[in-house]
file start-v6.pdb (PDB, C-alpha atoms and all ligand atoms)
ATOM      1  CA  MET A   1      12.049   2.499 -17.422
ATOM      2  CA  PHE A   2      10.883   1.458 -13.943
ATOM      3  CA  GLU A   3      13.340  -0.606 -11.925
ATOM      4  CA  CYS A   4      11.353  -0.452  -8.728
ATOM      5  CA  ILE A   5       7.605  -0.106  -8.271
ATOM      6  CA  VAL A   6       5.887   0.546  -4.944
ATOM      7  CA  PHE A   7       2.366  -0.862  -4.728
ATOM      8  CA  ALA A   8       0.344   0.262  -1.709
ATOM      9  CA  THR A   9      -2.579  -1.838  -0.528
ATOM     10  CA  ASP A  10      -5.256  -1.697   2.138
ATOM     11  CA  GLY A  11      -6.724  -4.999   0.931
ATOM     12  CA  SER A  12      -9.699  -3.267  -0.739
ATOM     13  CA  GLU A  13     -11.204  -4.096  -4.134
ATOM     14  CA  HIS A  14      -9.781  -0.806  -5.417
ATOM     15  CA  ALA A  15      -6.296  -1.870  -4.366
ATOM     16  CA  ARG A  16      -6.802  -5.264  -6.021
ATOM     17  CA  LYS A  17      -7.594  -3.497  -9.251
ATOM     18  CA  ALA A  18      -4.438  -1.412  -8.835
ATOM     19  CA  ARG A  19      -2.517  -4.662  -8.257
ATOM     20  CA  ASP A  20      -3.367  -5.803 -11.792
ATOM     21  CA  TYR A  21      -1.555  -2.729 -13.089
ATOM     22  CA  ALA A  22       1.365  -3.292 -10.721
ATOM     23  CA  ARG A  23       1.656  -6.866 -11.972
ATOM     24  CA  ASN A  24       1.537  -5.961 -15.661
ATOM     25  CA  LEU A  25       3.847  -2.963 -15.432
ATOM     26  CA  ALA A  26       6.395  -4.797 -13.283
ATOM     27  CA  ASP A  27       6.364  -7.637 -15.781
ATOM     28  CA  LEU A  28       6.801  -5.284 -18.722
ATOM     29  CA  HIS A  29       9.653  -3.331 -17.108
ATOM     30  CA  LYS A  30      11.260  -6.265 -15.272
ATOM     31  CA  ALA A  31      10.842  -4.176 -12.127
ATOM     32  CA  ARG A  32      11.036  -5.252  -8.486
ATOM     33  CA  VAL A  33       7.819  -4.671  -6.580
ATOM     34  CA  PHE A  34       7.638  -3.465  -2.994
ATOM     35  CA  VAL A  35       4.172  -4.082  -1.589
ATOM     36  CA  VAL A  36       3.407  -1.681   1.259
ATOM     37  CA  HIS A  37       0.750  -1.801   3.928
ATOM     38  CA  ALA A  38       0.490   0.564   6.866
ATOM     39  CA  TYR A  39      -1.575  -0.418   9.888
ATOM     40  CA  SER A  40      -3.188   2.266  12.026
ATOM     41  CA  SER A  41      -0.870   3.898  14.519
ATOM     42  CA  LEU A  42      -0.921   2.262  17.937
ATOM     43  CA  SER A  43       0.611   5.110  19.905
ATOM     44  CA  ASP A  44      -2.689   6.446  21.278
ATOM     45  CA  LEU A  45      -3.502   2.999  22.719
ATOM     46  CA  LEU A  46      -0.323   2.682  24.771
ATOM     47  CA  GLY A  47      -1.171   1.913  28.371
ATOM     48  CA  PHE A  48      -4.621   0.472  27.682
ATOM     49  CA  LYS A  49      -5.123  -3.075  28.905
ATOM     50  CA  ASP A  50      -6.062  -4.453  25.456
ATOM     51  CA  TYR A  51      -3.044  -2.857  23.792
ATOM     52  CA  SER A  52      -1.171  -6.033  22.929
ATOM     53  CA  GLU A  53      -4.302  -7.787  21.656
ATOM     54  CA  ILE A  54      -5.145  -4.894  19.345
ATOM     55  CA  ALA A  55      -1.535  -4.563  18.197
ATOM     56  CA  THR A  56      -1.347  -8.280  17.432
ATOM     57  CA  HIS A  57      -4.601  -8.102  15.488
ATOM     58  CA  ARG A  58      -3.539  -5.077  13.413
ATOM     59  CA  ILE A  59      -0.168  -6.556  12.583
ATOM     60  CA  ALA A  60      -1.628  -9.979  11.699
ATOM     61  CA  ASN A  61      -4.257  -8.336   9.492
ATOM     62  CA  GLY A  62      -1.560  -6.292   7.760
ATOM     63  CA  LYS A  63       0.540  -9.400   7.141
ATOM     64  CA  LYS A  64      -2.476 -11.164   5.652
ATOM     65  CA  ILE A  65      -3.100  -8.287   3.247
ATOM     66  CA  LEU A  66       0.558  -8.252   2.207
ATOM     67  CA  ASP A  67       0.780 -12.029   1.862
ATOM     68  CA  GLU A  68      -2.233 -12.148  -0.423
ATOM     69  CA  ALA A  69      -0.783  -9.470  -2.719
ATOM     70  CA  ALA A  70       2.732 -10.939  -2.661
ATOM     71  CA  ALA A  71       1.451 -14.445  -3.427
ATOM     72  CA  ASP A  72      -0.367 -13.168  -6.497
ATOM     73  CA  LEU A  73       2.584 -11.129  -7.764
ATOM     74  CA  SER A  74       5.236 -13.757  -7.158
ATOM     75  CA  ALA A  75       3.044 -16.440  -8.763
ATOM     76  CA  HIS A  76       3.548 -14.428 -11.937
ATOM     77  CA  GLY A  77       7.315 -14.699 -11.605
ATOM     78  CA  LEU A  78       7.907 -11.191 -10.246
ATOM     79  CA  THR A  79      10.488 -10.240  -7.636
ATOM     80  CA  VAL A  80       8.420  -9.084  -4.684
ATOM     81  CA  GLU A  81       9.165  -7.785  -1.204
ATOM     82  CA  THR A  82       6.676  -6.732   1.442
ATOM     83  CA  GLU A  83       6.875  -3.761   3.796
ATOM     84  CA  LEU A  84       4.629  -3.655   6.861
ATOM     85  CA  LEU A  85       4.787  -0.303   8.629
ATOM     86  CA  GLU A  86       2.899   1.487  11.377
ATOM     87  CA  GLY A  87       0.905   4.506  10.138
ATOM     88  CA  PRO A  88       0.381   7.326   9.395
ATOM     89  CA  THR A  89      -0.277   5.682   6.023
ATOM     90  CA  VAL A  90       0.812   8.428   3.634
ATOM     91  CA  GLU A  91       4.141   8.910   5.411
ATOM     92  CA  ALA A  92       4.727   5.140   5.383
ATOM     93  CA  ILE A  93       4.117   4.836   1.633
ATOM     94  CA  LEU A  94       6.290   7.881   0.857
ATOM     95  CA  HIS A  95       9.034   6.608   3.162
ATOM     96  CA  VAL A  96       9.225   3.266   1.335
ATOM     97  CA  ALA A  97       9.159   5.041  -2.043
ATOM     98  CA  GLU A  98      12.082   7.241  -0.993
ATOM     99  CA  ILE A  99      14.175   4.518   0.666
ATOM    100  CA  ARG A 100      13.677   2.109  -2.254
ATOM    101  CA  LYS A 101      14.144   4.846  -4.831
ATOM    102  CA  ALA A 102      10.868   3.895  -6.475
ATOM    103  CA  GLY A 103      10.334   4.899 -10.073
ATOM    104  CA  LEU A 104       6.566   4.576  -9.712
ATOM    105  CA  ILE A 105       3.953   4.324  -6.954
ATOM    106  CA  ILE A 106       0.708   2.490  -7.754
ATOM    107  CA  LEU A 107      -2.429   2.684  -5.658
ATOM    108  CA  GLY A 108      -6.199   2.653  -5.907
ATOM    109  CA  ALA A 109      -8.208   5.854  -6.242
ATOM    110  CA  ARG A 110     -10.355   4.828  -3.258
ATOM    111  CA  GLY A 111      -9.972   2.224  -0.547
ATOM    112  CA  LEU A 112     -11.874   0.819   2.397
ATOM    113  CA  GLY A 113     -13.383   4.204   3.277
ATOM    114  CA  THR A 114     -17.151   4.442   3.118
ATOM    115  CA  LEU A 115     -17.672   8.073   2.074
ATOM    116  CA  LYS A 116     -19.422   7.911  -1.277
ATOM    117  CA  GLY A 117     -18.958  10.358  -4.127
ATOM    118  CA  LEU A 118     -15.305  11.239  -3.652
ATOM    119  CA  LEU A 119     -13.034  10.625  -6.614
ATOM    120  CA  LEU A 120      -9.936  10.215  -4.457
ATOM    121  CA  GLY A 121      -9.516   9.036  -0.879
ATOM    122  CA  SER A 122      -7.253  10.908   1.523
ATOM    123  CA  VAL A 123      -4.346   8.509   0.985
ATOM    124  CA  SER A 124      -4.357   8.592  -2.830
ATOM    125  CA  HIS A 125      -4.853  12.379  -2.746
ATOM    126  CA  LYS A 126      -1.918  13.043  -0.408
ATOM    127  CA  VAL A 127       0.433  10.510  -2.001
ATOM    128  CA  LEU A 128      -0.181  12.176  -5.353
ATOM    129  CA  GLN A 129       0.561  15.578  -3.813
ATOM    130  CA  HIS A 130       3.802  14.625  -2.092
ATOM    131  CA  ALA A 131       5.303  11.701  -4.033
ATOM    132  CA  PRO A 132       8.948  11.910  -5.087
ATOM    133  CA  CYS A 133       8.162  10.034  -8.333
ATOM    134  CA  PRO A 134       5.319   9.418 -10.801
ATOM    135  CA  VAL A 135       2.097   8.006  -9.338
ATOM    136  CA  LEU A 136      -0.455   5.730 -11.015
ATOM    137  CA  ILE A 137      -3.878   6.002  -9.398
ATOM    138  CA  VAL A 138      -6.226   3.290 -10.601
ATOM    139  CA  ARG A 139      -9.986   3.794 -10.722
TER
HETATM  140  P1  LIG A 201     -10.354   7.471   3.258
HETATM  141  O1  LIG A 201      -9.389   6.485   3.862
HETATM  142  O2  LIG A 201      -9.771   8.844   3.106
HETATM  143  O3  LIG A 201     -11.688   7.458   3.950
HETATM  144  P2  LIG A 201     -10.613   5.621   1.046
HETATM  145  O4  LIG A 201     -10.345   4.524   2.034
HETATM  146  O5  LIG A 201     -11.781   5.442   0.125
HETATM  147  O6  LIG A 201     -10.690   7.039   1.740
HETATM  148  P3  LIG A 201      -7.790   5.772   0.461
HETATM  149  O7  LIG A 201      -7.592   5.387   1.870
HETATM  150  O8  LIG A 201      -7.185   7.046  -0.047
HETATM  151  O9  LIG A 201      -9.351   5.798   0.076
HETATM  152  O10 LIG A 201      -7.251   4.551  -0.432
HETATM  153  C1  LIG A 201      -6.748   4.751  -1.745
HETATM  154  C2  LIG A 201      -5.668   3.708  -2.005
HETATM  155  O11 LIG A 201      -4.565   3.971  -1.138
HETATM  156  C3  LIG A 201      -6.054   2.249  -1.740
HETATM  157  O12 LIG A 201      -6.712   1.635  -2.858
HETATM  158  C4  LIG A 201      -4.681   1.640  -1.492
HETATM  159  O13 LIG A 201      -4.031   1.424  -2.757
HETATM  160  C5  LIG A 201      -3.946   2.769  -0.738
HETATM  161  N1  LIG A 201      -4.062   2.631   0.722
HETATM  162  C6  LIG A 201      -5.077   3.067   1.512
HETATM  163  N2  LIG A 201      -4.867   2.744   2.792
HETATM  164  C7  LIG A 201      -3.672   2.085   2.827
HETATM  165  C8  LIG A 201      -2.890   1.469   3.865
HETATM  166  N3  LIG A 201      -3.294   1.480   5.136
HETATM  167  N4  LIG A 201      -1.714   0.890   3.534
HETATM  168  C9  LIG A 201      -1.298   0.879   2.240
HETATM  169  N5  LIG A 201      -1.990   1.414   1.232
HETATM  170  C10 LIG A 201      -3.163   2.015   1.501
HETATM  171 MG    MG A 202      -8.727   4.576   3.415
END
call {"tool": "encode", "arguments": {"input": "start-v6.pdb", "output": "structure tokens", "more": "lines below"}}
Ligand code: ATP
Ligand code: MG
result
Amino acid sequence: MFECIVFATDGSEHARKARDYARNLADLHKARVFVVHAYSSLSDLLGFKDYSEIATHRIANGKKILDEAAADLSAHGLTVETELLEGPTVEAILHVAEIRKAGLIILGARGLGTLKGLLLGSVSHKVLQHAPCPVLIVR
């Protein structure tokens, strides 16, 4: 049923839990998995003297998050590709879902945010609202 699954990760425990579902569903449906991470937009930092240091750090951190997820998924024999994009996060996830014609987007209910008590974070909430396909939010 799903040929292509988009799994979005911020490297949080919530996203790791969502990854278990991505792994099992991709295996079941013989689906390709696109792992997406969006790093915070850099545009407001342009011109500052530490720009390139911060950019390098954000991109390296994003790659690390993607590599960890991809290593786990491909170790289970899945076909995996990674997509590292500059934020805004919701737009980045939706863009990949549209371009790759995803049949399903999987993400955690919450992420690295620290506000307690919310059922959904801003990313999971907005992706659910605007996704072009079904969404699995894991809690
Ligand atoms: P908020 O960011 O609004 O304070 P939060 O961090 O608790 O809240 P979200 O950011 O909505 O919650 O995270 C929910 C899920 O969305 C995560 O588990 C992850 O799957 C995905 N996600 C969050 N941030 C990113 C990101 N930068 N790149 C890719 N996926 C992300
Ligand atoms: Mg967040």
call {"tool": "atom_distance", "arguments": {"input": "start-v6.pdb", "atom1": "CA of Gly121 in chain A", "atom2": "CA of Ile99 in chain A"}}
result
24.2 Å
call {"tool": "atom_distance", "arguments": {"input": "start-v6.pdb", "atom1": "CA of Leu46 in chain A", "atom2": "atom O3 of ligand LIG 201 (chain A)"}}
result
24.2 Å
call {"tool": "residues_near_ligand", "arguments": {"input": "start-v6.pdb", "ligand": "ligand LIG 201 (chain A)", "cutoff": "7 Å", "atoms": "only C-alpha atoms and all ligand atoms", "output": "PDB file with C-alpha atoms, in the coordinates of the input"}}
result
ATOM      1  CA  ALA A   8       0.344   0.262  -1.709  1.00  0.00           C
ATOM      2  CA  THR A   9      -2.579  -1.838  -0.528  1.00  0.00           C
ATOM      3  CA  ASP A  10      -5.256  -1.697   2.138  1.00  0.00           C
ATOM      4  CA  SER A  12      -9.699  -3.267  -0.739  1.00  0.00           C
ATOM      5  CA  HIS A  14      -9.781  -0.806  -5.417  1.00  0.00           C
ATOM      6  CA  ALA A  15      -6.296  -1.870  -4.366  1.00  0.00           C
ATOM      7  CA  ALA A  18      -4.438  -1.412  -8.835  1.00  0.00           C
ATOM      8  CA  VAL A  36       3.407  -1.681   1.259  1.00  0.00           C
ATOM      9  CA  HIS A  37       0.750  -1.801   3.928  1.00  0.00           C
ATOM     10  CA  ALA A  38       0.490   0.564   6.866  1.00  0.00           C
ATOM     11  CA  TYR A  39      -1.575  -0.418   9.888  1.00  0.00           C
ATOM     12  CA  SER A  40      -3.188   2.266  12.026  1.00  0.00           C
ATOM     13  CA  THR A  89      -0.277   5.682   6.023  1.00  0.00           C
ATOM     14  CA  ILE A  93       4.117   4.836   1.633  1.00  0.00           C
ATOM     15  CA  ILE A 106       0.708   2.490  -7.754  1.00  0.00           C
ATOM     16  CA  LEU A 107      -2.429   2.684  -5.658  1.00  0.00           C
ATOM     17  CA  GLY A 108      -6.199   2.653  -5.907  1.00  0.00           C
ATOM     18  CA  ALA A 109      -8.208   5.854  -6.242  1.00  0.00           C
ATOM     19  CA  ARG A 110     -10.355   4.828  -3.258  1.00  0.00           C
ATOM     20  CA  GLY A 111      -9.972   2.224  -0.547  1.00  0.00           C
ATOM     21  CA  LEU A 112     -11.874   0.819   2.397  1.00  0.00           C
ATOM     22  CA  GLY A 113     -13.383   4.204   3.277  1.00  0.00           C
ATOM     23  CA  THR A 114     -17.151   4.442   3.118  1.00  0.00           C
ATOM     24  CA  LEU A 115     -17.672   8.073   2.074  1.00  0.00           C
ATOM     25  CA  LEU A 120      -9.936  10.215  -4.457  1.00  0.00           C
ATOM     26  CA  GLY A 121      -9.516   9.036  -0.879  1.00  0.00           C
ATOM     27  CA  SER A 122      -7.253  10.908   1.523  1.00  0.00           C
ATOM     28  CA  VAL A 123      -4.346   8.509   0.985  1.00  0.00           C
ATOM     29  CA  SER A 124      -4.357   8.592  -2.830  1.00  0.00           C
ATOM     30  CA  HIS A 125      -4.853  12.379  -2.746  1.00  0.00           C
TER      31      HIS A 125
END
call {"tool": "closest_residue", "arguments": {"input": "start-v6.pdb", "among": "A:Val96, A:Leu136, A:Leu104, A:Pro88", "to": "ligand MG 202 (chain A)", "atoms": "all atoms listed in the file"}}
result
A:Pro88
call {"tool": "closest_residue", "arguments": {"input": "start-v6.pdb", "among": "A:Gly117, A:Gly77, A:Pro132, A:Gly11", "to": "ligand MG 202 (chain A)", "atoms": "all atoms listed in the file"}}
result
A:Gly11
call {"tool": "closest_residue", "arguments": {"input": "start-v6.pdb", "among": "A:Ala60, A:Ala102, A:Leu128, A:Val90", "to": "ligand MG 202 (chain A)", "atoms": "all atoms listed in the file"}}
result
A:Val90
call {"tool": "closest_residue", "arguments": {"input": "start-v6.pdb", "among": "A:Ser43, A:Arg16, A:Ala75, A:Leu85", "to": "Ile59 in chain A", "atoms": "all atoms listed in the file"}}
result
A:Leu85
call {"tool": "atom_distance", "arguments": {"input": "start-v6.pdb", "atom1": "CA of Glu86 in chain A", "atom2": "CA of Leu25 in chain A"}}
result
27.2 Å
call {"tool": "closest_residue", "arguments": {"input": "start-v6.pdb", "among": "A:Phe7, A:Asp20, A:Glu13, A:Glu91", "to": "Leu66 in chain A", "atoms": "all atoms listed in the file"}}
result
A:Phe7
call {"tool": "resolve_selection", "arguments": {"input": "start-v6.pdb", "expression": "the PyMOL selection byres (((chain A and resi 30) around 8) and not hetatm)", "output": "short mmCIF file (atom, residue, chain, number, x, y, z; two decimals) with C-alpha atoms, in the coordinates of the input"}}
result
data_model
loop_
_atom_site.label_atom_id
_atom_site.label_comp_id
_atom_site.auth_asym_id
_atom_site.auth_seq_id
_atom_site.Cartn_x
_atom_site.Cartn_y
_atom_site.Cartn_z
CA PHE A 2 10.88 1.46 -13.94
CA GLU A 3 13.34 -0.61 -11.92
CA ALA A 26 6.40 -4.80 -13.28
CA ASP A 27 6.36 -7.64 -15.78
CA LEU A 28 6.80 -5.28 -18.72
CA HIS A 29 9.65 -3.33 -17.11
CA ALA A 31 10.84 -4.18 -12.13
CA ARG A 32 11.04 -5.25 -8.49
CA LEU A 78 7.91 -11.19 -10.25
#
call {"tool": "closest_residue", "arguments": {"input": "start-v6.pdb", "among": "A:Lys126, A:Arg23, A:Lys49, A:His95", "to": "ligand MG 202 (chain A)", "atoms": "only C-alpha atoms and all ligand atoms"}}
result
A:Lys126
call {"tool": "resolve_selection", "arguments": {"input": "start-v6.pdb", "expression": "the PyMOL selection byres (((chain A and resi 80) around 8) and not hetatm)", "output": "NGL selection string"}}
result
:A and (32-35 or 70 or 73-74 or 78-79 or 81-82)
call {"tool": "residues_around", "arguments": {"input": "start-v6.pdb", "residues": "Ala131 in chain A", "least_positions_apart": "4", "cutoff": "8 Å", "atoms": "all atoms listed in the file", "output": "list in words"}}
result
Leu94, Ala97, Val127 and Val135 of chain A
call {"tool": "build_atoms", "arguments": {"input": "start-v6.pdb", "residues": "range 20-43 of chain A", "atoms": "N, CA and C atoms", "output": "PDB file, keeping the file's coordinate frame"}}
result
ATOM      1  N   ASP A  20      -3.455  -5.296 -10.413  1.00  0.00           N
ATOM      2  CA  ASP A  20      -3.367  -5.803 -11.792  1.00  0.00           C
ATOM      3  C   ASP A  20      -2.405  -4.942 -12.616  1.00  0.00           C
ATOM      4  N   TYR A  21      -2.457  -3.632 -12.371  1.00  0.00           N
ATOM      5  CA  TYR A  21      -1.555  -2.729 -13.089  1.00  0.00           C
ATOM      6  C   TYR A  21      -0.122  -2.903 -12.587  1.00  0.00           C
ATOM      7  N   ALA A  22       0.029  -3.075 -11.290  1.00  0.00           N
ATOM      8  CA  ALA A  22       1.365  -3.292 -10.721  1.00  0.00           C
ATOM      9  C   ALA A  22       1.981  -4.553 -11.336  1.00  0.00           C
ATOM     10  N   ARG A  23       1.174  -5.594 -11.425  1.00  0.00           N
ATOM     11  CA  ARG A  23       1.656  -6.866 -11.972  1.00  0.00           C
ATOM     12  C   ARG A  23       2.104  -6.697 -13.432  1.00  0.00           C
ATOM     13  N   ASN A  24       1.236  -6.078 -14.232  1.00  0.00           N
ATOM     14  CA  ASN A  24       1.537  -5.961 -15.661  1.00  0.00           C
ATOM     15  C   ASN A  24       2.710  -5.022 -15.927  1.00  0.00           C
ATOM     16  N   LEU A  25       2.755  -3.914 -15.212  1.00  0.00           N
ATOM     17  CA  LEU A  25       3.847  -2.963 -15.432  1.00  0.00           C
ATOM     18  C   LEU A  25       5.177  -3.519 -14.940  1.00  0.00           C
ATOM     19  N   ALA A  26       5.154  -4.210 -13.808  1.00  0.00           N
ATOM     20  CA  ALA A  26       6.395  -4.797 -13.283  1.00  0.00           C
ATOM     21  C   ALA A  26       6.910  -5.856 -14.255  1.00  0.00           C
ATOM     22  N   ASP A  27       5.998  -6.607 -14.812  1.00  0.00           N
ATOM     23  CA  ASP A  27       6.364  -7.637 -15.781  1.00  0.00           C
ATOM     24  C   ASP A  27       6.990  -6.997 -17.021  1.00  0.00           C
ATOM     25  N   LEU A  28       6.345  -5.983 -17.510  1.00  0.00           N
ATOM     26  CA  LEU A  28       6.801  -5.284 -18.722  1.00  0.00           C
ATOM     27  C   LEU A  28       8.184  -4.659 -18.530  1.00  0.00           C
ATOM     28  N   HIS A  29       8.403  -4.072 -17.351  1.00  0.00           N
ATOM     29  CA  HIS A  29       9.653  -3.331 -17.108  1.00  0.00           C
ATOM     30  C   HIS A  29      10.685  -4.153 -16.347  1.00  0.00           C
ATOM     31  N   LYS A  30      10.363  -5.403 -16.062  1.00  0.00           N
ATOM     32  CA  LYS A  30      11.260  -6.265 -15.272  1.00  0.00           C
ATOM     33  C   LYS A  30      11.620  -5.557 -13.952  1.00  0.00           C
ATOM     34  N   ALA A  31      10.628  -4.963 -13.349  1.00  0.00           N
ATOM     35  CA  ALA A  31      10.842  -4.176 -12.127  1.00  0.00           C
ATOM     36  C   ALA A  31      10.621  -5.027 -10.877  1.00  0.00           C
ATOM     37  N   ARG A  32      11.322  -4.661  -9.798  1.00  0.00           N
ATOM     38  CA  ARG A  32      11.036  -5.252  -8.486  1.00  0.00           C
ATOM     39  C   ARG A  32       9.806  -4.551  -7.933  1.00  0.00           C
ATOM     40  N   VAL A  33       9.010  -5.292  -7.183  1.00  0.00           N
ATOM     41  CA  VAL A  33       7.819  -4.671  -6.580  1.00  0.00           C
ATOM     42  C   VAL A  33       7.944  -4.704  -5.056  1.00  0.00           C
ATOM     43  N   PHE A  34       7.739  -3.546  -4.449  1.00  0.00           N
ATOM     44  CA  PHE A  34       7.638  -3.465  -2.994  1.00  0.00           C
ATOM     45  C   PHE A  34       6.172  -3.227  -2.661  1.00  0.00           C
ATOM     46  N   VAL A  35       5.578  -4.207  -1.978  1.00  0.00           N
ATOM     47  CA  VAL A  35       4.172  -4.082  -1.589  1.00  0.00           C
ATOM     48  C   VAL A  35       4.139  -3.492  -0.181  1.00  0.00           C
ATOM     49  N   VAL A  36       3.431  -2.390  -0.029  1.00  0.00           N
ATOM     50  CA  VAL A  36       3.407  -1.681   1.259  1.00  0.00           C
ATOM     51  C   VAL A  36       2.019  -1.710   1.879  1.00  0.00           C
ATOM     52  N   HIS A  37       1.988  -2.007   3.170  1.00  0.00           N
ATOM     53  CA  HIS A  37       0.750  -1.801   3.928  1.00  0.00           C
ATOM     54  C   HIS A  37       1.112  -1.107   5.234  1.00  0.00           C
ATOM     55  N   ALA A  38       0.306  -0.116   5.578  1.00  0.00           N
ATOM     56  CA  ALA A  38       0.490   0.564   6.866  1.00  0.00           C
ATOM     57  C   ALA A  38      -0.723   0.274   7.745  1.00  0.00           C
ATOM     58  N   TYR A  39      -0.463  -0.219   8.943  1.00  0.00           N
ATOM     59  CA  TYR A  39      -1.575  -0.418   9.888  1.00  0.00           C
ATOM     60  C   TYR A  39      -1.712   0.843  10.745  1.00  0.00           C
ATOM     61  N   SER A  40      -2.916   1.044  11.256  1.00  0.00           N
ATOM     62  CA  SER A  40      -3.188   2.266  12.026  1.00  0.00           C
ATOM     63  C   SER A  40      -2.221   2.402  13.190  1.00  0.00           C
ATOM     64  N   SER A  41      -1.806   3.626  13.434  1.00  0.00           N
ATOM     65  CA  SER A  41      -0.870   3.898  14.519  1.00  0.00           C
ATOM     66  C   SER A  41      -1.414   3.388  15.856  1.00  0.00           C
ATOM     67  N   LEU A  42      -0.517   2.847  16.646  1.00  0.00           N
ATOM     68  CA  LEU A  42      -0.921   2.262  17.937  1.00  0.00           C
ATOM     69  C   LEU A  42      -0.604   3.182  19.102  1.00  0.00           C
ATOM     70  N   SER A  43       0.055   4.308  18.809  1.00  0.00           N
ATOM     71  CA  SER A  43       0.611   5.110  19.905  1.00  0.00           C
ATOM     72  C   SER A  43      -0.451   5.627  20.879  1.00  0.00           C
TER      73      SER A  43
END
